[in-house]
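Data from start_28.cif: mmCIF, C-alpha atoms
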```cif
data_entry
loop_
_atom_site.group_PDB
_atom_site.id
_atom_site.type_symbol
_atom_site.label_atom_id
_atom_site.label_comp_id
_atom_site.auth_asym_id
_atom_site.auth_seq_id
_atom_site.Cartn_x
_atom_site.Cartn_y
_atom_site.Cartn_z
ATOM 1 C CA GLN A 1 0.000 0.000 0.000
ATOM 2 C CA ALA A 2 2.888 2.378 0.772
ATOM 3 C CA TRP A 3 4.325 1.749 -2.687
ATOM 4 C CA ARG A 4 0.985 2.507 -4.313
ATOM 5 C CA ASP A 5 0.559 5.639 -2.192
ATOM 6 C CA VAL A 6 3.761 7.152 -3.614
ATOM 7 C CA GLY A 7 2.673 6.448 -7.177
ATOM 8 C CA HIS A 8 4.219 3.064 -7.977
ATOM 9 C CA ARG A 9 1.949 1.476 -10.564
ATOM 10 C CA ALA A 10 3.974 -1.518 -11.794
ATOM 11 C CA PRO A 11 2.409 -4.990 -11.464
ATOM 12 C CA MET A 12 2.949 -6.665 -8.101
ATOM 13 C CA VAL A 13 2.906 -10.316 -7.096
ATOM 14 C CA ALA A 14 3.009 -11.522 -3.486
ATOM 15 C CA VAL A 15 4.438 -14.971 -2.763
ATOM 16 C CA CYS A 16 2.039 -15.970 -0.006
ATOM 17 C CA SER A 17 -0.922 -18.252 0.636
ATOM 18 C CA LEU A 18 -3.527 -15.492 1.003
ATOM 19 C CA GLU A 19 -6.395 -15.946 -1.410
ATOM 20 C CA SER A 20 -9.076 -13.424 -2.353
ATOM 21 C CA ASP A 21 -7.711 -10.827 0.062
ATOM 22 C CA ALA A 22 -9.779 -7.659 -0.262
ATOM 23 C CA VAL A 23 -6.927 -5.259 0.547
ATOM 24 C CA LEU A 24 -4.448 -6.855 -1.843
ATOM 25 C CA GLY A 25 -7.147 -7.092 -4.481
ATOM 26 C CA SER A 26 -7.891 -3.374 -4.221
ATOM 27 C CA LEU A 27 -4.175 -2.670 -4.680
ATOM 28 C CA GLY A 28 -3.907 -4.888 -7.733
ATOM 29 C CA VAL A 29 -1.578 -7.394 -6.058
ATOM 30 C CA ARG A 30 -1.947 -11.031 -7.107
ATOM 31 C CA THR A 31 -0.888 -13.827 -4.746
ATOM 32 C CA THR A 32 0.446 -17.332 -5.269
ATOM 33 C CA THR A 33 2.812 -19.950 -3.854
ATOM 34 C CA ASN A 34 2.921 -21.856 -7.136
ATOM 35 C CA PRO A 35 6.271 -21.313 -8.908
ATOM 36 C CA ILE A 36 4.686 -21.909 -12.316
ATOM 37 C CA GLN A 37 2.086 -19.217 -11.689
ATOM 38 C CA LEU A 38 4.721 -16.899 -10.230
ATOM 39 C CA ALA A 39 6.973 -17.279 -13.267
ATOM 40 C CA LEU A 40 4.028 -16.770 -15.622
ATOM 41 C CA TRP A 41 2.874 -13.583 -13.915
ATOM 42 C CA ALA A 42 6.338 -12.096 -13.348
ATOM 43 C CA GLY A 43 7.965 -13.093 -16.629
ATOM 44 C CA THR A 44 10.608 -10.562 -17.634
ATOM 45 C CA GLY A 45 8.922 -7.683 -15.818
ATOM 46 C CA PRO A 46 8.554 -4.944 -15.002
ATOM 47 C CA VAL A 47 7.204 -6.364 -11.762
ATOM 48 C CA VAL A 48 7.644 -6.107 -8.005
ATOM 49 C CA VAL A 49 7.704 -9.481 -6.256
ATOM 50 C CA LEU A 50 6.922 -9.384 -2.534
ATOM 51 C CA ALA A 51 8.039 -12.482 -0.642
ATOM 52 C CA THR A 52 8.732 -13.666 2.882
ATOM 53 C CA TYR A 53 11.765 -15.665 3.920
ATOM 54 C CA ALA A 54 9.490 -18.700 4.102
ATOM 55 C CA SER A 55 9.426 -18.710 0.297
ATOM 56 C CA LEU A 56 13.117 -19.715 0.387
ATOM 57 C CA VAL A 57 12.513 -22.904 2.369
ATOM 58 C CA ASP A 58 12.487 -26.222 0.503
ATOM 59 C CA ARG A 59 9.085 -27.901 0.181
ATOM 60 C CA GLU A 60 7.889 -31.474 0.085
ATOM 61 C CA ASP A 61 7.749 -32.798 -3.463
ATOM 62 C CA ILE A 62 4.151 -33.957 -3.843
ATOM 63 C CA THR A 63 5.008 -35.535 -7.191
ATOM 64 C CA ALA A 64 7.654 -37.855 -5.741
ATOM 65 C CA THR A 65 6.656 -41.493 -6.211
ATOM 66 C CA THR A 66 9.107 -42.852 -3.648
ATOM 67 C CA GLY A 67 10.460 -41.427 -0.406
ATOM 68 C CA GLN A 68 10.218 -37.895 0.932
ATOM 69 C CA GLY A 69 11.454 -35.774 -1.965
ATOM 70 C CA LYS A 70 12.253 -32.074 -1.678
ATOM 71 C CA VAL A 71 11.913 -29.208 -4.132
ATOM 72 C CA ARG A 72 13.135 -25.646 -3.910
ATOM 73 C CA GLY A 73 10.895 -22.940 -2.486
ATOM 74 C CA PRO A 74 8.591 -21.131 -4.930
ATOM 75 C CA LEU A 75 10.796 -18.047 -5.350
ATOM 76 C CA GLU A 76 13.935 -20.004 -6.192
ATOM 77 C CA ALA A 77 12.026 -22.494 -8.336
ATOM 78 C CA ALA A 78 10.444 -19.722 -10.425
ATOM 79 C CA LEU A 79 13.866 -18.163 -11.009
ATOM 80 C CA ALA A 80 15.388 -21.508 -11.982
ATOM 81 C CA GLY A 81 12.680 -22.444 -14.489
ATOM 82 C CA GLY A 82 13.251 -25.782 -16.202
ATOM 83 C CA ASP A 83 11.070 -28.698 -17.224
ATOM 84 C CA ARG A 84 9.202 -28.762 -13.914
ATOM 85 C CA LEU A 85 7.777 -25.337 -14.770
ATOM 86 C CA TYR A 86 6.671 -26.323 -18.291
ATOM 87 C CA GLY A 87 8.838 -23.693 -19.931
ATOM 88 C CA GLN A 88 7.924 -20.836 -17.586
ATOM 89 C CA HIS A 89 10.813 -18.818 -16.157
ATOM 90 C CA MET A 90 11.048 -15.671 -14.047
ATOM 91 C CA ALA A 91 13.840 -13.294 -15.035
ATOM 92 C CA PRO A 92 16.542 -12.373 -12.487
ATOM 93 C CA PHE A 93 15.918 -9.315 -10.335
ATOM 94 C CA ASP A 94 17.461 -5.914 -10.997
ATOM 95 C CA LEU A 95 17.287 -5.116 -7.272
ATOM 96 C CA THR A 96 16.552 -7.256 -4.232
ATOM 97 C CA ILE A 97 15.583 -5.370 -1.073
ATOM 98 C CA VAL A 98 16.177 -7.545 1.983
ATOM 99 C CA ASP A 99 14.210 -6.167 4.927
ATOM 100 C CA GLU A 100 14.920 -7.289 8.506
ATOM 101 C CA ALA A 101 18.213 -8.479 7.051
ATOM 102 C CA HIS A 102 19.640 -9.436 10.453
ATOM 103 C CA SER A 103 17.412 -12.523 10.189
ATOM 104 C CA THR A 104 19.690 -13.836 7.433
ATOM 105 C CA THR A 105 22.933 -13.668 9.420
ATOM 106 C CA GLY A 106 24.679 -16.705 10.823
ATOM 107 C CA GLU A 107 25.461 -19.972 9.114
ATOM 108 C CA LEU A 108 25.227 -19.717 5.340
ATOM 109 C CA GLY A 109 23.786 -23.215 5.198
ATOM 110 C CA ARG A 110 20.513 -22.082 6.779
ATOM 111 C CA PRO A 111 17.471 -21.875 4.454
ATOM 112 C CA TRP A 112 17.001 -18.113 4.806
ATOM 113 C CA ALA A 113 20.637 -17.507 3.845
ATOM 114 C CA ALA A 114 19.725 -18.514 0.283
ATOM 115 C CA ILE A 115 18.898 -14.847 -0.310
ATOM 116 C CA HIS A 116 22.665 -14.132 -0.372
ATOM 117 C CA ASP A 117 23.416 -16.759 -3.038
ATOM 118 C CA ASN A 118 23.367 -15.158 -6.471
ATOM 119 C CA ALA A 119 23.334 -18.560 -8.120
ATOM 120 C CA ARG A 120 20.032 -19.348 -6.408
ATOM 121 C CA ILE A 121 18.436 -15.889 -6.188
ATOM 122 C CA PRO A 122 20.091 -13.957 -9.045
ATOM 123 C CA SER A 123 19.992 -10.181 -8.664
ATOM 124 C CA ASP A 124 22.096 -7.313 -10.024
ATOM 125 C CA PHE A 125 22.040 -5.485 -6.703
ATOM 126 C CA ARG A 126 21.046 -6.177 -3.108
ATOM 127 C CA LEU A 127 20.006 -3.603 -0.537
ATOM 128 C CA TYR A 128 20.003 -4.882 3.044
ATOM 129 C CA LEU A 129 17.861 -3.050 5.611
ATOM 130 C CA THR A 130 17.818 -3.549 9.372
ATOM 131 C CA ALA A 131 17.404 -1.599 12.593
ATOM 132 C CA THR A 132 19.516 -4.119 14.515
ATOM 133 C CA PRO A 133 22.689 -5.096 12.616
ATOM 134 C CA ARG A 134 24.195 -8.335 13.870
ATOM 135 C CA ILE A 135 27.989 -8.414 13.914
ATOM 136 C CA LEU A 136 28.993 -12.043 14.294
ATOM 137 C CA ALA A 137 32.282 -13.855 14.611
ATOM 138 C CA ALA A 138 32.784 -17.540 15.239
ATOM 139 C CA PRO A 139 34.728 -17.884 18.530
ATOM 140 C CA ARG A 140 36.472 -20.918 17.115
ATOM 141 C CA PRO A 141 36.335 -22.920 13.879
ATOM 142 C CA GLN A 142 33.057 -24.801 13.725
ATOM 143 C CA LYS A 143 32.275 -27.887 11.715
ATOM 144 C CA GLY A 144 29.104 -28.219 9.709
ATOM 145 C CA ALA A 145 27.073 -31.340 9.019
ATOM 146 C CA GLY A 146 29.409 -32.328 6.186
ATOM 147 C CA GLY A 147 32.552 -31.932 8.270
ATOM 148 C CA GLY A 148 33.641 -28.702 6.586
ATOM 149 C CA GLU A 149 34.145 -25.400 8.356
ATOM 150 C CA VAL A 150 30.933 -23.428 8.792
ATOM 151 C CA GLU A 151 30.718 -20.151 6.860
ATOM 152 C CA ILE A 152 29.224 -17.297 8.853
ATOM 153 C CA ALA A 153 27.404 -14.290 7.377
ATOM 154 C CA THR A 154 27.981 -11.203 9.506
ATOM 155 C CA MET A 155 26.766 -7.636 8.999
ATOM 156 C CA ALA A 156 30.180 -6.100 9.628
ATOM 157 C CA ASP A 157 31.040 -3.099 7.437
ATOM 158 C CA ASP A 158 33.092 -5.080 4.916
ATOM 159 C CA PRO A 159 33.034 -4.467 1.133
ATOM 160 C CA ASP A 160 34.150 -8.062 0.598
ATOM 161 C CA GLY A 161 31.698 -9.566 3.086
ATOM 162 C CA VAL A 162 28.350 -11.194 2.378
ATOM 163 C CA PHE A 163 26.435 -7.999 3.175
ATOM 164 C CA GLY A 164 29.006 -5.651 1.654
ATOM 165 C CA ALA A 165 29.900 -2.180 2.877
ATOM 166 C CA TRP A 166 27.471 0.014 4.759
ATOM 167 C CA LEU A 167 26.083 2.897 2.692
ATOM 168 C CA PRO A 168 27.595 6.242 3.754
ATOM 169 C CA GLY A 169 25.055 8.409 5.526
ATOM 170 C CA ALA A 170 22.446 5.654 5.597
ATOM 171 C CA GLU A 171 22.712 5.022 9.330
ATOM 172 C CA VAL A 172 20.045 6.567 11.539
ATOM 173 C CA GLY A 173 20.427 6.389 15.309
ATOM 174 C CA LEU A 174 17.508 5.823 17.656
ATOM 175 C CA SER A 175 17.437 9.375 19.042
ATOM 176 C CA GLU A 176 17.674 10.869 15.544
ATOM 177 C CA ALA A 177 14.860 8.629 14.308
ATOM 178 C CA VAL A 178 12.635 9.812 17.163
ATOM 179 C CA GLU A 179 13.520 13.468 16.494
ATOM 180 C CA ARG A 180 12.674 13.050 12.791
ATOM 181 C CA GLU A 181 9.435 11.285 13.783
ATOM 182 C CA ILE A 182 10.444 8.136 11.918
ATOM 183 C CA LEU A 183 9.969 6.293 15.207
ATOM 184 C CA ALA A 184 7.583 7.127 18.003
ATOM 185 C CA GLY A 185 9.082 8.186 21.286
ATOM 186 C CA PHE A 186 8.790 5.640 24.044
ATOM 187 C CA GLU A 187 9.795 4.773 27.569
ATOM 188 C CA ILE A 188 10.286 1.449 29.283
ATOM 189 C CA ASP A 189 8.290 0.943 32.476
ATOM 190 C CA VAL A 190 9.006 -2.067 34.673
ATOM 191 C CA LEU A 191 6.246 -3.189 37.023
ATOM 192 C CA GLU A 192 7.453 -5.095 40.072
ATOM 193 C CA ILE A 193 4.856 -7.707 40.959
ATOM 194 C CA ARG A 194 5.383 -10.383 43.564
ATOM 195 C CA ASP A 195 3.806 -13.784 43.114
ATOM 196 C CA PRO A 196 0.856 -14.433 45.445
ATOM 197 C CA SER A 197 1.753 -16.065 48.719
ATOM 198 C CA PRO A 198 1.040 -19.803 48.549
ATOM 199 C CA VAL A 199 -2.181 -21.043 50.097
ATOM 200 C CA ILE A 200 -2.189 -24.544 51.590
ATOM 201 C CA GLY A 201 -4.284 -26.884 49.501
ATOM 202 C CA GLU A 202 -4.699 -24.407 46.658
ATOM 203 C CA SER A 203 -4.683 -25.909 43.179
ATOM 204 C CA GLU A 204 -2.245 -24.824 40.496
ATOM 205 C CA GLU A 205 -5.120 -23.429 38.451
ATOM 206 C CA ALA A 206 -6.340 -21.293 41.359
ATOM 207 C CA ARG A 207 -2.823 -19.978 42.027
ATOM 208 C CA ARG A 208 -2.408 -19.008 38.390
ATOM 209 C CA GLY A 209 -5.799 -17.291 38.513
ATOM 210 C CA ARG A 210 -4.773 -15.161 41.488
ATOM 211 C CA ARG A 211 -1.521 -14.261 39.771
ATOM 212 C CA LEU A 212 -3.411 -13.273 36.620
ATOM 213 C CA ALA A 213 -5.695 -11.018 38.662
ATOM 214 C CA LEU A 214 -2.664 -9.282 40.181
ATOM 215 C CA LEU A 215 -1.152 -8.725 36.741
ATOM 216 C CA GLN A 216 -4.394 -7.284 35.407
ATOM 217 C CA THR A 217 -4.794 -4.982 38.401
ATOM 218 C CA ALA A 218 -1.218 -3.708 38.169
ATOM 219 C CA LEU A 219 -1.539 -3.063 34.443
ATOM 220 C CA LEU A 220 -4.841 -1.205 34.818
ATOM 221 C CA GLU A 221 -3.428 0.972 37.602
ATOM 222 C CA HIS A 222 -0.347 1.776 35.532
ATOM 223 C CA ALA A 223 -2.444 2.501 32.432
ATOM 224 C CA ALA A 224 -4.577 4.946 34.408
ATOM 225 C CA ALA A 225 -1.541 6.640 35.940
ATOM 226 C CA ARG A 226 0.206 7.027 32.559
ATOM 227 C CA ASN A 227 -2.945 7.700 30.518
ATOM 228 C CA LEU A 228 -2.323 4.703 28.257
ATOM 229 C CA ARG A 229 -4.968 4.126 25.601
ATOM 230 C CA THR A 230 -3.795 0.888 23.994
ATOM 231 C CA VAL A 231 -1.804 -1.988 25.448
ATOM 232 C CA MET A 232 -0.284 -5.106 23.904
ATOM 233 C CA THR A 233 0.501 -8.066 26.153
ATOM 234 C CA PHE A 234 2.474 -11.229 25.403
ATOM 235 C CA HIS A 235 1.853 -14.626 26.944
ATOM 236 C CA GLN A 236 3.386 -18.083 26.789
ATOM 237 C CA LYS A 237 0.105 -19.832 26.049
ATOM 238 C CA VAL A 238 -2.958 -18.965 23.983
ATOM 239 C CA GLU A 239 -5.323 -19.787 26.831
ATOM 240 C CA GLU A 240 -3.475 -17.378 29.129
ATOM 241 C CA ALA A 241 -3.796 -14.612 26.543
ATOM 242 C CA ARG A 242 -7.512 -15.293 26.228
ATOM 243 C CA ALA A 243 -7.970 -15.254 29.989
ATOM 244 C CA PHE A 244 -6.066 -11.989 30.303
ATOM 245 C CA ALA A 245 -8.197 -10.371 27.589
#
```
Render the structure in this file as structure tokens.
Amino acid sequence: QAWRDVGHRAPMVAVCSLESDAVLGSLGVRTTTNPIQLALWAGTGPVVVLATYASLVDREDITATTGQGKVRGPLEAALAGGDRLYGQHMAPFDLTIVDEAHSTTGELGRPWAAIHDNARIPSDFRLYLTATPRILAAPRPQKGAGGGEVEIATMADDPDGVFGAWLPGAEVGLSEAVEREILAGFEIDVLEIRDPSPVIGESEEARRGRRLALLQTALLEHAAARNLRTVMTFHQKVEEARAFA
């Protein structure tokens, strides 16, 4: 939607399982996880392909007659073309924008690291974006599954590294981002809540209920004191989230 708002009118295809989505439909964005369909729609462009890292993960080969066969994810398969795609082939990208790029750091053998491999995801240029760059270094040589030394992708400012050099002037600090209203200002409040004193013979469910009531009370008091209008809470279990709500 942001791309459309600034006047981008090129065709768009989203590699996802959403079907008949009203918002995407109104924006003229088609969706598919089928590499044949993706290659057919994208062709040689111009086109913007929107994909998640999940589209890089190998899938079960439903056509395999024996064993548990694997095929490449839809994005890579569409770029590779071949007989499996009945002659369809998606052209390489001119530019690949990798958002939340810190998620692709670490061992290059991981599925999401395929985005760095120009033989698998061919692209003339890559632009990596992240608010939390991960600078990694193996403390000692590590061995992978095949016995060879593990290759590590780190976001260090290195023109010869996997991520390349950082763009001059492209760094924005947290305080600057808040001042420029790119990010909303915030504060971190820590509520100190002690677990309820144990009651002899009390069931685990009852104890958890009393603890939940204390959490709710503390949050409501804090929200009133700070004039909070919306609150997001995280829980370990779905049933706990439902009970809290």
Practice prompt. Can you work out which one of A:Ile135, A:Leu191, A:Leu95, A:Leu108 has the shortest atom-to-atom distance to A:Ile121, counting all atoms listed in the file?
Written response: A:Leu95
Practice prompt. Let me know the residues the PyMOL selection byres ((chain A and resi 128-131) around 10) catches in the file above, as an NGL selection string.
Written response: :A and (96-104 or 125-127 or 132-134 or 155 or 163-164 or 166-167 or 170-174)
Fill in: Counting all atoms listed in the file, the residue of A:Ala243, A:Val150, A:Leu228, A:Ala119 that sits nearest A:Arg208
A:Ala243
For the file shown, what are the residues hit by the PyMOL selection byres ((chain A and resi 58) around 10), laid out as an mmCIF file with C-alpha atoms, in the frame of the given file?
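What landed in part07.cif:
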```cif
data_model
loop_
_atom_site.group_PDB
_atom_site.id
_atom_site.type_symbol
_atom_site.label_atom_id
_atom_site.label_comp_id
_atom_site.auth_asym_id
_atom_site.auth_seq_id
_atom_site.Cartn_x
_atom_site.Cartn_y
_atom_site.Cartn_z
ATOM 1 C CA ALA A 54 9.490 -18.700 4.102
ATOM 2 C CA SER A 55 9.426 -18.710 0.297
ATOM 3 C CA LEU A 56 13.117 -19.715 0.387
ATOM 4 C CA VAL A 57 12.513 -22.904 2.369
ATOM 5 C CA ARG A 59 9.085 -27.901 0.181
ATOM 6 C CA GLU A 60 7.889 -31.474 0.085
ATOM 7 C CA ASP A 61 7.749 -32.798 -3.463
ATOM 8 C CA GLY A 69 11.454 -35.774 -1.965
ATOM 9 C CA LYS A 70 12.253 -32.074 -1.678
ATOM 10 C CA VAL A 71 11.913 -29.208 -4.132
ATOM 11 C CA ARG A 72 13.135 -25.646 -3.910
ATOM 12 C CA GLY A 73 10.895 -22.940 -2.486
ATOM 13 C CA PRO A 74 8.591 -21.131 -4.930
ATOM 14 C CA GLU A 76 13.935 -20.004 -6.192
ATOM 15 C CA ALA A 77 12.026 -22.494 -8.336
ATOM 16 C CA PRO A 111 17.471 -21.875 4.454
#
```
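If all atoms listed in the file are the atoms counted, then among A:Pro11, A:Pro159, A:Gly81, A:Pro168 the closest residue to A:Pro46 is A:Pro11.
Closest approach to A:Ala78 among A:Trp41, A:Phe234, A:Phe244, A:Tyr53: A:Trp41, based on all atoms listed in the file.
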Worksheet item: Pick the closest to A:Leu219 from A:Thr233, A:Asn118, A:Ser26, A:Thr52: which is it, counting all atoms listed in the file?
Response: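 Of all the options, A:Thr233 lies closest to A:Leu219.
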Worksheet entry | One-decimal distance in Å that lies between atom CA of A:Asp158 and atom CA of A:Gly106 | 15.5 Å
Fill in: Nearest to A:Glu151 by atom-to-atom distance, counting all atoms listed in the file, from A:Ala137, A:Ala42, A:Met232, A:Leu24
A:Ala137
Worksheet item: Got a sec: who's within 7 Å of A:Glu19, counting all atoms listed in the file, leaving out chain neighbours fewer than 2 positions off, as a ChimeraX atom specification?
Response: /A:17,21,31
Practice prompt. Would you mind reading off the distance between atom CA of A:Ala14 and atom CA of A:Pro35, one decimal, in Å?
Written response: 11.7 Å
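Across the structure, atom CA of A:Ala241 and atom CA of A:Arg210 are spaced 15.0 Å apart.
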Item to complete: Name the residues that the PyMOL selection byres ((chain A and resi 88) around 12) pulls out of this structure, and write them as a list in words.
Response: Asn34, Pro35, Ile36, Gln37, Leu38, Ala39, Leu40, Trp41, Ala42, Gly43, Thr44, Ala77, Ala78, Leu79, Ala80, Gly81, Gly82, Asp83, Arg84, Leu85, Tyr86, Gly87, His89, Met90 and Ala91 of chain A
Practice prompt. Determine, counting only C-alpha atoms, which protein, DNA and RNA residues have an atom within 12 Å of an atom of A:Arg4; residues of the same chain fewer than 3 positions away are not included. Present the result as a list of chain:residue names.
Written response: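 Surrounding residues, per the criterion: A:Gln1, A:Gly7, A:His8, A:Arg9, A:Ala10, A:Pro11, A:Met12, A:Leu24, A:Ser26, A:Leu27, A:Gly28, A:Val29, A:Val48.
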Please produce an output containing C-alpha atoms for each residue in the selection, written as a PDB file, keeping the file's coordinate frame.
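Saved as result-v7.pdb:
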```pdb
ATOM      1  CA  GLN A   1       0.000   0.000   0.000  1.00  0.00           C
ATOM      2  CA  GLY A   7       2.673   6.448  -7.177  1.00  0.00           C
ATOM      3  CA  HIS A   8       4.219   3.064  -7.977  1.00  0.00           C
ATOM      4  CA  ARG A   9       1.949   1.476 -10.564  1.00  0.00           C
ATOM      5  CA  ALA A  10       3.974  -1.518 -11.794  1.00  0.00           C
ATOM      6  CA  PRO A  11       2.409  -4.990 -11.464  1.00  0.00           C
ATOM      7  CA  MET A  12       2.949  -6.665  -8.101  1.00  0.00           C
ATOM      8  CA  LEU A  24      -4.448  -6.855  -1.843  1.00  0.00           C
ATOM      9  CA  SER A  26      -7.891  -3.374  -4.221  1.00  0.00           C
ATOM     10  CA  LEU A  27      -4.175  -2.670  -4.680  1.00  0.00           C
ATOM     11  CA  GLY A  28      -3.907  -4.888  -7.733  1.00  0.00           C
ATOM     12  CA  VAL A  29      -1.578  -7.394  -6.058  1.00  0.00           C
ATOM     13  CA  VAL A  48       7.644  -6.107  -8.005  1.00  0.00           C
TER      14      VAL A  48
END
```
